[in-house]
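*Asks:* To be precise about what I am sending: the file is called run_25.txt and holds compact mmCIF, C-alpha atoms.
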# COMPACT_ATOMS: atom_id res chain seq x y z
CA MET A 1 -15.44 -28.98 42.34
CA THR A 2 -12.91 -26.21 42.60
CA ALA A 3 -14.11 -22.94 44.04
CA PRO A 4 -13.91 -20.03 41.59
CA ARG A 5 -11.04 -17.67 42.17
CA GLU A 6 -11.74 -14.45 44.05
CA LEU A 7 -12.04 -11.48 41.69
CA ASP A 8 -9.68 -8.65 42.58
CA PRO A 9 -12.00 -5.95 44.06
CA VAL A 10 -9.67 -3.14 42.99
CA ILE A 11 -10.04 -4.09 39.32
CA HIS A 12 -13.59 -5.42 39.51
CA ALA A 13 -15.21 -2.03 38.83
CA GLN A 14 -16.02 -0.89 35.31
CA ALA A 15 -14.09 2.37 35.38
CA ARG A 16 -10.92 0.93 36.92
CA LEU A 17 -11.02 -2.11 34.65
CA LYS A 18 -11.16 0.24 31.65
CA VAL A 19 -8.18 2.21 32.99
CA ILE A 20 -6.13 -0.93 33.50
CA ALA A 21 -7.10 -2.44 30.13
CA THR A 22 -6.09 0.79 28.38
CA LEU A 23 -2.74 1.06 30.16
CA ASN A 24 -2.06 -2.61 29.47
CA THR A 25 -2.63 -2.06 25.73
CA LEU A 26 0.00 0.70 25.70
CA GLY A 27 2.69 -1.87 26.37
CA GLU A 28 5.14 -2.42 29.17
CA THR A 29 7.65 0.29 28.40
CA ASN A 30 5.23 3.14 27.71
CA GLN A 31 3.63 5.89 29.75
CA ILE A 32 0.74 8.13 28.76
CA THR A 33 -0.08 11.69 29.80
CA PHE A 34 -3.07 12.23 32.07
CA PRO A 35 -5.01 14.19 29.39
CA GLY A 36 -4.19 11.53 26.79
CA LEU A 37 -5.51 8.79 29.06
CA ARG A 38 -8.60 10.84 29.86
CA GLU A 39 -9.29 11.23 26.13
CA LEU A 40 -8.91 7.49 25.50
CA LEU A 41 -11.32 6.70 28.32
CA GLY A 42 -13.81 9.52 27.88
CA MET A 43 -13.86 10.17 31.64
CA THR A 44 -13.92 13.47 33.50
CA ALA A 45 -10.64 14.57 35.07
CA GLY A 46 -12.08 14.32 38.58
CA ASN A 47 -13.45 10.86 38.06
CA LEU A 48 -10.22 9.59 36.52
CA SER A 49 -8.16 11.10 39.37
CA VAL A 50 -10.23 9.27 41.96
CA HIS A 51 -9.85 5.92 40.21
CA LEU A 52 -6.14 6.45 39.56
CA GLY A 53 -5.75 7.24 43.26
CA LYS A 54 -7.27 3.90 44.21
CA LEU A 55 -5.15 2.06 41.66
CA GLU A 56 -2.00 3.81 42.86
CA GLU A 57 -2.85 2.91 46.46
CA ALA A 58 -3.05 -0.74 45.43
CA GLY A 59 0.33 -0.40 43.72
CA TYR A 60 -1.15 -1.10 40.26
CA VAL A 61 -0.31 2.17 38.59
CA GLU A 62 2.60 4.53 38.81
CA ILE A 63 1.99 8.28 38.52
CA VAL A 64 5.00 10.30 37.46
CA LYS A 65 4.93 14.08 37.72
CA THR A 66 7.51 15.73 35.51
CA HIS A 67 8.05 18.65 33.14
CA ARG A 68 7.88 18.75 29.36
CA GLY A 69 9.84 21.88 28.65
CA ARG A 70 8.27 24.25 31.16
CA THR A 71 4.85 22.66 31.30
CA PRO A 72 4.20 20.33 34.23
CA THR A 73 3.06 16.97 32.88
CA THR A 74 1.70 13.91 34.62
CA TYR A 75 2.40 10.51 33.13
CA VAL A 76 0.57 7.33 34.07
CA ALA A 77 1.83 3.79 33.63
CA LEU A 78 0.88 0.31 34.74
CA THR A 79 3.30 -1.23 37.26
CA ARG A 80 4.50 -4.81 36.98
CA GLN A 81 2.19 -5.65 39.87
CA GLY A 82 -0.73 -4.00 38.05
CA ARG A 83 0.02 -5.94 34.88
CA ARG A 84 0.09 -9.20 36.83
CA ALA A 85 -3.17 -8.29 38.61
CA PHE A 86 -4.82 -7.61 35.26
CA GLU A 87 -3.60 -10.92 33.85
CA ASP A 88 -4.86 -12.78 36.92
CA TYR A 89 -8.18 -10.98 36.69
CA THR A 90 -8.76 -11.88 33.02
CA ALA A 91 -7.69 -15.46 33.73
CA ALA A 92 -10.15 -15.64 36.67
CA ILE A 93 -12.98 -14.27 34.53
CA ARG A 94 -12.28 -16.77 31.76
CA GLU A 95 -12.25 -19.50 34.35
CA LEU A 96 -15.62 -18.36 35.67
CA LEU A 97 -17.05 -18.37 32.17
CA ASP A 98 -15.75 -21.87 31.52
CA LEU A 99 -17.27 -23.10 34.79
CA GLY A 100 -20.59 -21.39 34.07
CA MET B 1 -21.83 11.65 47.40
CA ASN B 2 -21.71 8.32 45.67
CA ARG B 3 -20.97 9.77 42.28
CA LEU B 4 -19.01 6.70 41.28
CA ASP B 5 -21.99 4.44 41.79
CA ASP B 6 -22.74 3.99 38.15
CA ASP B 7 -19.13 3.18 37.25
CA ASP B 8 -18.85 0.77 40.10
CA ARG B 9 -21.97 -1.23 39.34
CA PRO B 10 -20.70 -4.80 39.21
CA LEU B 11 -21.04 -6.50 35.85
CA SER B 12 -21.32 -10.14 34.95
CA PRO B 13 -18.08 -11.90 33.89
CA GLU B 14 -19.28 -11.86 30.26
CA GLU B 15 -19.80 -8.12 30.43
CA MET B 16 -16.45 -7.55 32.09
CA LEU B 17 -14.65 -9.61 29.45
CA ARG B 18 -16.43 -7.70 26.68
CA LEU B 19 -15.52 -4.42 28.36
CA ILE B 20 -11.84 -5.42 28.41
CA GLU B 21 -11.85 -6.47 24.77
CA GLU B 22 -13.68 -3.34 23.61
CA GLN B 23 -11.41 -1.03 25.54
CA GLN B 24 -8.27 -2.75 24.25
CA SER B 25 -9.29 -2.59 20.61
CA ALA B 26 -10.51 1.00 20.97
CA THR B 27 -7.15 1.95 22.47
CA SER B 28 -5.08 0.32 19.73
CA ARG B 29 -7.27 1.94 17.08
CA ARG B 30 -6.93 5.38 18.61
CA LEU B 31 -3.17 5.05 18.96
CA GLY B 32 -2.86 3.87 15.36
CA GLY B 33 -4.42 7.08 14.03
CA ASP B 34 -7.30 7.67 11.65
CA PRO B 35 -7.03 5.38 8.58
CA LEU B 36 -8.79 7.97 6.43
CA LEU B 37 -6.00 10.46 7.18
CA THR B 38 -3.24 7.84 7.08
CA TYR B 39 -3.88 6.10 3.75
CA THR B 40 -6.24 8.24 1.67
CA PRO B 41 -3.99 11.33 1.25
CA TRP B 42 -1.33 9.09 -0.34
CA GLY B 43 -3.96 7.55 -2.60
CA ILE B 44 -5.10 10.98 -3.77
CA ALA B 45 -1.51 12.19 -4.28
CA TRP B 46 -0.66 9.22 -6.50
CA GLY B 47 -4.02 9.06 -8.24
CA VAL B 48 -3.79 12.71 -9.31
CA GLY B 49 0.01 13.08 -9.60
CA PHE B 50 0.71 9.89 -11.53
CA GLY B 51 -2.54 10.45 -13.45
CA ALA B 52 -1.09 13.75 -14.69
CA LEU B 53 2.20 12.02 -15.49
CA PHE B 54 0.36 9.34 -17.47
CA LEU B 55 -1.51 12.02 -19.44
CA HIS B 56 1.88 13.50 -20.28
CA TYR B 57 3.46 10.22 -21.43
CA ALA B 58 0.43 8.85 -23.28
CA TYR B 59 -1.09 11.96 -24.86
CA GLY B 60 1.29 14.84 -24.19
CA LEU B 61 -1.58 16.69 -22.50
CA VAL B 62 0.32 17.88 -19.43
CA PRO B 63 3.89 19.24 -19.46
CA ARG B 64 6.28 16.85 -17.72
CA GLY B 65 7.56 19.44 -15.26
CA VAL B 66 4.03 20.35 -14.22
CA ALA B 67 3.02 16.70 -13.71
CA LEU B 68 6.12 15.98 -11.59
CA SER B 69 5.64 19.11 -9.49
CA VAL B 70 1.99 18.21 -8.88
CA LEU B 71 3.02 14.68 -7.88
CA PHE B 72 5.77 15.71 -5.48
CA SER B 73 3.86 18.57 -3.85
CA LEU B 74 0.89 16.28 -3.25
CA MET B 75 3.23 13.64 -1.80
CA VAL B 76 4.75 16.16 0.62
CA LEU B 77 1.22 17.16 1.62
CA ALA B 78 0.22 13.51 2.11
CA MET B 79 3.29 12.92 4.27
CA ALA B 80 2.38 15.94 6.40
CA VAL B 81 -1.26 14.93 6.81
CA SER B 82 -0.53 11.28 7.62
CA SER B 83 2.23 12.09 10.10
CA PHE B 84 -0.08 14.63 11.77
CA ALA B 85 -2.76 11.94 12.03
CA GLN B 86 -0.28 9.61 13.71
CA ARG B 87 1.13 12.25 16.00
CA SER B 88 -1.97 13.70 17.59
CA MET B 89 -2.49 10.76 19.93
CA SER B 90 1.00 9.29 20.01
CA SER B 91 2.42 12.60 21.28
CA GLN B 92 0.63 11.76 24.54
CA VAL B 93 2.70 8.61 24.98
CA ARG B 94 6.33 8.40 25.97
CA GLY B 95 8.63 5.42 26.16
CA GLU B 96 9.46 2.80 23.60
CA ALA B 97 6.47 3.54 21.36
CA ALA B 98 7.38 7.21 20.96
CA GLU B 99 10.99 6.36 20.27
CA ARG B 100 9.93 3.85 17.64
CA GLY B 101 7.75 6.43 15.92
CA MET B 102 10.55 8.99 15.89
CA MET B 103 13.08 6.56 14.44
CA TYR B 104 10.58 5.52 11.79
CA GLY B 105 10.02 9.18 10.91
CA PHE B 106 13.78 9.59 10.40
CA ALA B 107 13.76 6.63 8.02
CA TRP B 108 11.44 8.61 5.72
CA LEU B 109 13.56 11.71 6.00
CA PHE B 110 16.84 9.93 5.19
CA GLY B 111 15.25 7.85 2.46
CA PHE B 112 13.93 10.87 0.62
CA ALA B 113 17.13 12.84 1.20
CA GLY B 114 19.11 10.07 -0.50
CA MET B 115 16.64 9.92 -3.36
CA PHE B 116 16.78 13.67 -3.84
CA ALA B 117 20.58 13.75 -3.91
CA LEU B 118 20.82 10.92 -6.43
CA GLY B 119 18.00 12.31 -8.56
CA VAL B 120 19.54 15.76 -8.83
CA ARG B 121 22.89 14.21 -9.74
CA LEU B 122 21.65 11.72 -12.34
CA SER B 123 18.76 13.62 -13.95
CA PRO B 124 20.87 15.77 -16.28
CA LEU B 125 22.70 12.68 -17.57
CA LEU B 126 19.58 10.76 -18.59
CA PRO B 127 17.40 10.98 -21.68
CA VAL B 128 14.50 13.23 -20.74
CA GLU B 129 11.82 10.48 -20.83
CA GLU B 130 13.79 8.39 -18.34
CA THR B 131 14.20 11.22 -15.82
CA GLY B 132 10.57 11.13 -14.72
CA LEU B 133 10.75 7.37 -14.34
CA LEU B 134 13.88 7.66 -12.20
CA TRP B 135 12.20 10.04 -9.74
CA ALA B 136 8.95 8.09 -9.73
CA VAL B 137 10.48 4.65 -9.19
CA MET B 138 12.92 5.86 -6.53
CA SER B 139 10.20 7.60 -4.50
CA MET B 140 7.84 4.63 -4.71
CA THR B 141 10.65 2.26 -3.71
CA ILE B 142 11.16 4.24 -0.51
CA VAL B 143 7.42 4.42 0.23
CA ALA B 144 6.92 0.70 -0.43
CA ALA B 145 9.91 -0.36 1.69
CA LEU B 146 8.87 1.89 4.58
CA TYR B 147 5.28 0.71 4.48
CA ILE B 148 6.52 -2.88 4.67
CA ALA B 149 8.85 -1.91 7.54
CA GLY B 150 6.01 -0.03 9.29
CA GLY B 151 3.84 -3.13 9.03
CA ALA B 152 6.63 -5.09 10.71
CA VAL B 153 7.29 -2.53 13.45
CA TRP B 154 3.64 -2.14 14.49
CA ARG B 155 2.43 -5.55 13.28
CA VAL B 156 -0.17 -4.01 10.98
CA ARG B 157 -0.89 -6.40 8.14
CA THR B 158 -2.79 -3.86 6.05
CA MET B 159 0.29 -1.67 6.03
CA PHE B 160 2.54 -4.59 5.11
CA PHE B 161 0.34 -5.77 2.24
CA LEU B 162 -0.15 -2.26 0.86
CA GLY B 163 3.63 -1.82 0.86
CA ALA B 164 4.22 -5.21 -0.76
CA GLY B 165 1.59 -4.55 -3.43
CA LEU B 166 3.14 -1.17 -4.11
CA ALA B 167 6.59 -2.75 -4.44
CA VAL B 168 5.35 -5.27 -7.02
CA LEU B 169 3.56 -2.64 -9.14
CA ASN B 170 6.64 -0.42 -8.89
CA VAL B 171 8.98 -3.12 -10.20
CA VAL B 172 6.60 -4.09 -13.03
CA GLY B 173 6.23 -0.42 -13.96
CA ALA B 174 9.96 0.24 -13.84
CA ILE B 175 10.55 -2.62 -16.30
CA ALA B 176 7.64 -1.71 -18.56
CA GLY B 177 8.50 2.00 -18.86
CA PRO B 178 7.32 5.45 -17.82
CA GLY B 179 3.77 5.36 -19.25
CA VAL B 180 2.85 1.98 -17.77
CA HIS B 181 4.52 2.88 -14.46
CA ALA B 182 2.48 6.09 -14.18
CA LEU B 183 -0.74 4.24 -15.02
CA LEU B 184 -0.06 1.44 -12.49
CA MET B 185 0.76 3.93 -9.75
CA SER B 186 -2.19 6.19 -10.48
CA VAL B 187 -4.89 3.54 -10.77
CA GLY B 188 -3.40 0.63 -8.79
CA ALA B 189 -1.54 2.25 -5.92
CA GLY B 190 -3.67 5.42 -5.78
CA GLY B 191 -6.90 3.45 -5.99
CA ALA B 192 -5.84 0.87 -3.38
CA PHE B 193 -4.78 3.48 -0.80
CA ILE B 194 -7.96 5.52 -1.25
CA VAL B 195 -10.16 2.43 -0.95
CA VAL B 196 -8.33 1.05 2.12
CA GLY B 197 -8.51 4.40 3.94
CA VAL B 198 -12.23 4.82 3.25
CA VAL B 199 -13.19 1.20 3.96
CA GLN B 200 -11.27 1.10 7.25
CA ARG B 201 -12.84 4.36 8.38
CA ILE B 202 -16.35 3.05 7.57
CA ARG B 203 -15.67 -0.23 9.38
CA ARG B 204 -14.46 1.66 12.42
CA ARG B 205 -17.61 3.79 12.42
CA GLY B 206 -19.66 0.61 12.28
CA GLY B 207 -18.35 -0.22 15.75
CA ALA B 208 -16.41 -3.25 17.00
Take the structure in the file and give it back as structure tokens.

*Replies:*
Amino acid sequence: MTAPRELDPVIHAQARLKVIATLNTLGETNQITFPGLRELLGMTAGNLSVHLGKLEEAGYVEIVKTHRGRTPTTYVALTRQGRRAFEDYTAAIRELLDLG
Amino acid sequence: MNRLDDDDRPLSPEEMLRLIEEQQSATSRRLGGDPLLTYTPWGIAWGVGFGALFLHYAYGLVPRGVALSVLFSLMVLAMAVSSFAQRSMSSQVRGEAAERGMMYGFAWLFGFAGMFALGVRLSPLLPVEETGLLWAVMSMTIVAALYIAGGAVWRVRTMFFLGAGLAVLNVVGAIAGPGVHALLMSVGAGGAFIVVGVVQRIRRRGGA
């Protein structure tokens, strides 16, 4: 019997999994504004900031602070590492389900 | 201090997989815009506008100029409403998706500019009953082609099939003549776009 793969603890939390799944759906070359992401997730700004912080620490998301005209805007995107982590995570979960 | 407790409660693999799938489909739906605002305004514009044009051709009930103005003003309104519906969420995204949307928007602009130039030039040379058909067929050709292209760009089958259906009705109508064309566009195209917008909105409400 093969032991089930370890589930990535950074992603294995509802809120962060939702963040990653949303960013992954946007597609590789796209970034979304912080308010836009918040709206898609229905999270509070504070809550989302905390989770994004943890994801950024792990190198899974990239947070870009820039200006749109004169307004400061924050964009969020999944990094290549984050995309791979998400793919591994879904593969591990499917594996677990198959074993179960 | 553990305000993230609830979010961090571990779920079973089944629940996690469902969470991923739900979040992904919710995201694509939100980015695609509201179907009621995307399809239904076009349906209403054609239903009413081509309906008026049909009443003109078949019974002479509405003056031709009035019917055409109603049709084109409603189409401009539909274009505004549906592009607003697309923009509200997509303005939050930058990168390839935004660029794609902008280029697609330009396709509409250039398409209609070409139509307008040709229409203004040819209209005075045609018998009056063919003028309305010229404008109607040209505008529907652009809409059909761009719906088909939109379906290809965003891989939305509904959009592709609506465009293809529109193209077929448009060709049949162009061959059959102004009255039949107006009737096909009003009932067929108008009806289909209204129904698709409403049905998709109801389905979305129903969850999943």

*Asks:* For chain B against chain A, which residues fall within 12 Å using all atoms listed in the file, given as a ChimeraX atom specification?

*Replies:* /B:2-32,88-100,154

*Asks:* How many Å separate atom CA of Asp88 of chain A from atom CA of Gly53 of chain A?

*Replies:*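 Spanning atom CA of Asp88 of chain A to atom CA of Gly53 of chain A is a straight-line distance of 21.0 Å.
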
*Asks:* Figure out the distance between atom CA of Ala113 of chain B and atom CA of Tyr57 of chain B, please, to one decimal in Å.

*Replies:*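 Atom CA of Tyr57 of chain B sits 26.6 Å away from atom CA of Ala113 of chain B.
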
*Asks:* Would you work out the distance separating atom CA of Gly173 of chain B from atom CA of Thr131 of chain B, expressed in Å to one decimal?

*Replies:*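 Computed distance, atom CA of Gly173 of chain B to atom CA of Thr131 of chain B, equals 14.2 Å.
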
*Asks:* Find the residue from B:Phe110, B:Phe161, B:Phe193, B:Phe50 that sits nearest to Val70 of chain B; use all atoms listed in the file when measuring.

*Replies:* B:Phe50

*Asks:* Please list as a list in words every residue within 10 Å of Arg204 of chain B, counting all atoms listed in the file and excluding residues in the same chain fewer than 4 positions away.

*Replies:*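 Selected residues are Ala26, Arg29, Asp34, Pro35, Val198, Val199, Gln200 and Ala208 of chain B.
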
*Asks:* Show me, as a PyMOL selection string, the residues that have an atom within 10 Å of Gln81 of chain A when counting all atoms listed in the file, minus same-chain residues fewer than 6 positions from it.

*Replies:* chain A and resi 58-61+87

*Asks:* Do you know which residues are at most 9 Å from Pro178 of chain B counting all atoms listed in the file, after dropping those on the same chain fewer than 2 positions away, and could you put them as a PDB file with C-alpha atoms, in the frame of the given file?

*Replies:*
ATOM      1  CA  LEU B  53       2.200  12.020 -15.490  1.00  0.00           C
ATOM      2  CA  PHE B  54       0.360   9.340 -17.470  1.00  0.00           C
ATOM      3  CA  TYR B  57       3.460  10.220 -21.430  1.00  0.00           C
ATOM      4  CA  GLU B 129      11.820  10.480 -20.830  1.00  0.00           C
ATOM      5  CA  GLU B 130      13.790   8.390 -18.340  1.00  0.00           C
ATOM      6  CA  GLY B 132      10.570  11.130 -14.720  1.00  0.00           C
ATOM      7  CA  LEU B 133      10.750   7.370 -14.340  1.00  0.00           C
ATOM      8  CA  LEU B 134      13.880   7.660 -12.200  1.00  0.00           C
ATOM      9  CA  ALA B 136       8.950   8.090  -9.730  1.00  0.00           C
ATOM     10  CA  GLY B 173       6.230  -0.420 -13.960  1.00  0.00           C
ATOM     11  CA  ALA B 174       9.960   0.240 -13.840  1.00  0.00           C
ATOM     12  CA  ILE B 175      10.550  -2.620 -16.300  1.00  0.00           C
ATOM     13  CA  ALA B 176       7.640  -1.710 -18.560  1.00  0.00           C
ATOM     14  CA  VAL B 180       2.850   1.980 -17.770  1.00  0.00           C
ATOM     15  CA  HIS B 181       4.520   2.880 -14.460  1.00  0.00           C
ATOM     16  CA  ALA B 182       2.480   6.090 -14.180  1.00  0.00           C
ATOM     17  CA  LEU B 183      -0.740   4.240 -15.020  1.00  0.00           C
TER      18      LEU B 183
END

*Asks:* Can you find the residues with an atom no farther than 10 Å from (-7.7, 4.3, -3.7), counting only C-alpha atoms, and report them as number ranges by chain?

*Replies:* B: 39-44, 46-47, 186-199

*Asks:* Can you pull out every residue within 8 Å of segment 140-146 of chain B, counting all atoms listed in the file, but drop anything in the same chain fewer than 6 positions away, and send it as a PyMOL selection string?

*Replies:* chain B and resi 107-108+111-112+162-164+166-167+170
